[in-house]
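Single-structure report; data block below.
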Amino acid sequence: RLSSKSGKCRTRRQVCQLILDHFDSQYSQELGDQWGSVRSVLLNPHCWQHGALLNRFGDLAGVQSHLHSLGYHSLVPHSHSPASRSEPGSSHICSPLRCLLPEGVTRLPTQRHRAGWLKQYYLLNAASLLPVLALQVRDGEKVLDLCSAPGGKALAVLQEAMPGLLRCNDVDESRSKWLLKTLQSYIPPAVLSTVTVTNTDGRAIGSAEPQVYDKVLVDAPCSNDRSWLFTPGPQQGELWLRARTQLPHLQKDLLCSALAAVRPGGMVVYSTCTLSRGENQSVVEAVLTSCPGVELLDLEEELIGSLSQHFTFARLQPPLGHLVVPEHGRTWGPMFVCRLRRLY
Ligand code: SAM
């Protein structure tokens with residue numbers, strides 16, 4: 001039987017004042033009044049919520065009903081096939097993905113890796129499913145997850161559909177090993193045979209494999225606002241702030257590489273877990289200006305409508321993509337998502 005614990009922080013984490021000052025000055029400008037409530041969530045890890053992505057390959061007998069009895073509810077209604085995403089004329093979507101959200105800050109225990117047994121659920125910030133829902137992977141498609149470790153979104157792709165090929169890539173060797181272990185803990189060997197894990201610089205994949213994939217996810221390295229606020233010590237804080245100025249170059253190169261790797265007509269989803277305009281809309285803007293034959297493909301109203309019941313979206317300027325911002329009681333995010341289509 002599953003037990004759950006409330007999300008209390010045993011050791012109180014220290015906020016890095018340097019990073020907080022930086023965020024205050026940047027985000028009060030970029031988010032206006034919304035920054036105050038986002039700030040108070042980011043500063044209080046004990047109020048962060050954790051969703052449970054159920055593993056359709058695991059033994060789910062009893063898990064779902066137990067979670068419902070604990071007050072968990074579905075992020076989106078369940079459907080058996082990724083193609084039947086919404087009823088004609090419906091203003092909501094459904095998905096084969098089963099993600100359950102707690103009423104409060106209940107956090108399920110993390111399940112340990114056991115050889116020969118598949119884990120039943122993956123704990124996550126539920127907003128991190130938005131990029132996967134936006135990618136709309138269909139059975140048989142060739143999919144590239146360019147920056148894949150530790151594998152949360154790759155796992156979600158495999159909950160939604162059975163791609164003909166899923167290539168999970170990450171430049172970092174030890175994170176790639178972690179990614180492989182994640183996949184082995186959740187995915188049966190027969191399905192894993194359609195997944196390849198590679199360890200190369202994502203910036204090189206577009207020129208090495210032009211027009212190969214139907215869908216590409218760029219879940220880019222970014223300044224992770226949640227963890228950066230708790231950077232240990234001002235020296236590390238300074239290092240990170242310096243690194244932050246370089247991230248948009250890397251992000252733009254990764255996105256251009258993804259657009260080279262996708263076939264004409266294929267889709268690329270770009271996502272980050274930062275609020276920063278410089279790593280979100282500005283990167284997309286720069287790519288739209290410099291890559292010919294690429295168009296912005298806005299997310300369906302049904303998707304945004306369904307998720308607005310659980311997530312709070314920011315008003316973005318310029319209005320490129322969508323940004324989930326955490327709020328008390330619905331602490332999902334930050335998560336920025338933008339979808340692009342290669343035309344030719
Ligand atoms: N998609 C992952 C998930 O859902 O679990 C999280 C990805 S994390 C936000 C970004 C990843 O990008 C890191 O694991 C990092 O090692 C990887 N990365 C950084 N630079 C890269 C590059 N040039 N090419 C490929 N991966 C890169």
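Going by the structure tokens order, chains are called A, B, ..., each with residues numbered from 1, while ligands are numbered from 1 in the order shown.
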
How close does each residue of chain A get to ligand 1, giving the shortest atom pair and distance in Å to one decimal for every residue with an atom at most 7 Å away, counting only C-alpha atoms and all ligand atoms, sorted by chain and residue number, as a tab-separated table?
```
residue	atom	partner	partner_atom_place_in_ligand_line	distance
A:Leu146	CA	ligand 1	25 (C)	5.8
A:Cys147	CA	ligand 1	26 (N)	4.0
A:Ser148	CA	ligand 1	1 (N)	4.0
A:Ala149	CA	ligand 1	14 (O)	4.3
A:Pro150	CA	ligand 1	5 (O)	4.1
A:Gly151	CA	ligand 1	5 (O)	3.8
A:Gly152	CA	ligand 1	5 (O)	3.8
A:Lys153	CA	ligand 1	4 (O)	3.9
A:Ala154	CA	ligand 1	4 (O)	6.6
A:Asn169	CA	ligand 1	25 (C)	6.3
A:Asp170	CA	ligand 1	26 (N)	4.0
A:Val171	CA	ligand 1	25 (C)	4.2
A:Asp172	CA	ligand 1	16 (O)	4.6
A:Arg175	CA	ligand 1	14 (O)	6.0
A:Thr200	CA	ligand 1	25 (C)	6.3
A:Asp201	CA	ligand 1	24 (N)	3.9
A:Gly202	CA	ligand 1	24 (N)	3.6
A:Arg203	CA	ligand 1	23 (N)	5.7
A:Asp219	CA	ligand 1	1 (N)	4.9
A:Ala220	CA	ligand 1	10 (C)	4.9
A:Pro221	CA	ligand 1	10 (C)	3.8
A:Cys222	CA	ligand 1	9 (C)	6.4
A:Leu250	CA	ligand 1	23 (N)	6.9
A:Leu254	CA	ligand 1	23 (N)	6.8
A:Thr272	CA	ligand 1	9 (C)	6.5
A:Cys273	CA	ligand 1	9 (C)	7.0
```

Can you list, as an MDAnalysis selection string, every protein, DNA or RNA residue that comes within 12 Å of Arg112 of chain A when you count only C-alpha atoms, leaving out same-chain residues fewer than 6 positions away? chainID A and resid 118:122 181:182 185:186

Write out the residues from the selection above, keeping N, CA, C and O atoms, as a short mmCIF file (atom, residue, chain, number, x, y, z; two decimals), in the first residue's frame.
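Final file, selection35.cif:
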```cif
data_model
loop_
_atom_site.label_atom_id
_atom_site.label_comp_id
_atom_site.auth_asym_id
_atom_site.auth_seq_id
_atom_site.Cartn_x
_atom_site.Cartn_y
_atom_site.Cartn_z
N LEU A 118 8.58 -2.81 -13.00
CA LEU A 118 8.45 -1.47 -13.58
C LEU A 118 7.76 -0.54 -12.58
O LEU A 118 6.74 -0.90 -11.98
N LYS A 119 8.34 0.64 -12.41
CA LYS A 119 7.77 1.59 -11.46
C LYS A 119 6.36 2.00 -11.91
O LYS A 119 6.06 2.01 -13.10
N GLN A 120 5.54 2.38 -10.92
CA GLN A 120 4.13 2.67 -11.24
C GLN A 120 3.88 4.15 -11.56
O GLN A 120 2.91 4.48 -12.23
N TYR A 121 4.71 5.01 -11.03
CA TYR A 121 4.48 6.45 -11.29
C TYR A 121 5.79 7.21 -11.23
O TYR A 121 6.79 6.75 -10.65
N TYR A 122 5.77 8.39 -11.89
CA TYR A 122 6.94 9.28 -11.94
C TYR A 122 6.48 10.61 -11.37
O TYR A 122 5.46 11.17 -11.81
N LYS A 181 18.77 4.73 -17.19
CA LYS A 181 18.26 4.02 -16.01
C LYS A 181 16.78 4.37 -15.79
O LYS A 181 15.97 3.50 -15.45
N THR A 182 16.44 5.63 -15.99
CA THR A 182 15.03 6.03 -15.86
C THR A 182 14.18 5.20 -16.82
O THR A 182 13.16 4.63 -16.44
N SER A 185 13.65 1.68 -15.85
CA SER A 185 12.80 1.50 -14.66
C SER A 185 11.31 1.54 -14.99
O SER A 185 10.48 1.18 -14.16
N TYR A 186 10.98 2.10 -16.17
CA TYR A 186 9.56 2.30 -16.49
C TYR A 186 9.08 1.58 -17.75
O TYR A 186 7.89 1.35 -17.91
#
```

Segment 264-267 of chain A environment, 6 Å, only C-alpha atoms, sequence neighbours closer than 4 positions dropped, as a VMD selection string: chain A and resid 214 to 215 340 to 344

Kindly save the residues from that selection, with N, CA and C atoms included, as a compact mmCIF listing (two decimals), in the first residue's frame.
```txt
# COMPACT_ATOMS: atom_id res chain seq x y z
N ASP A 214 10.02 13.44 -37.53
CA ASP A 214 8.68 14.04 -37.66
C ASP A 214 8.47 15.10 -36.58
N LYS A 215 9.02 14.84 -35.40
CA LYS A 215 8.82 15.75 -34.26
C LYS A 215 10.14 15.86 -33.50
N LEU A 340 6.86 25.33 -33.16
CA LEU A 340 7.21 25.86 -34.49
C LEU A 340 7.00 24.77 -35.52
N ARG A 341 6.71 25.18 -36.75
CA ARG A 341 6.61 24.19 -37.83
C ARG A 341 7.58 24.56 -38.93
N ARG A 342 8.27 23.53 -39.44
CA ARG A 342 9.14 23.76 -40.58
C ARG A 342 8.29 23.63 -41.84
N LEU A 343 8.30 24.65 -42.67
CA LEU A 343 7.43 24.66 -43.85
C LEU A 343 8.06 23.95 -45.05
N TYR A 344 9.37 24.14 -45.25
CA TYR A 344 10.02 23.49 -46.40
C TYR A 344 11.47 23.18 -46.08
```

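Near segment 301-317 of chain A, within 7 Å and counting only C-alpha atoms, sit A:Ser91, A:His92, A:Ile93, A:Leu299, A:Pro319, A:His322, A:Leu323, A:Val324, A:Val325, A:Pro326, A:Arg330, A:Trp332; same-chain residues fewer than 2 positions away were not included.
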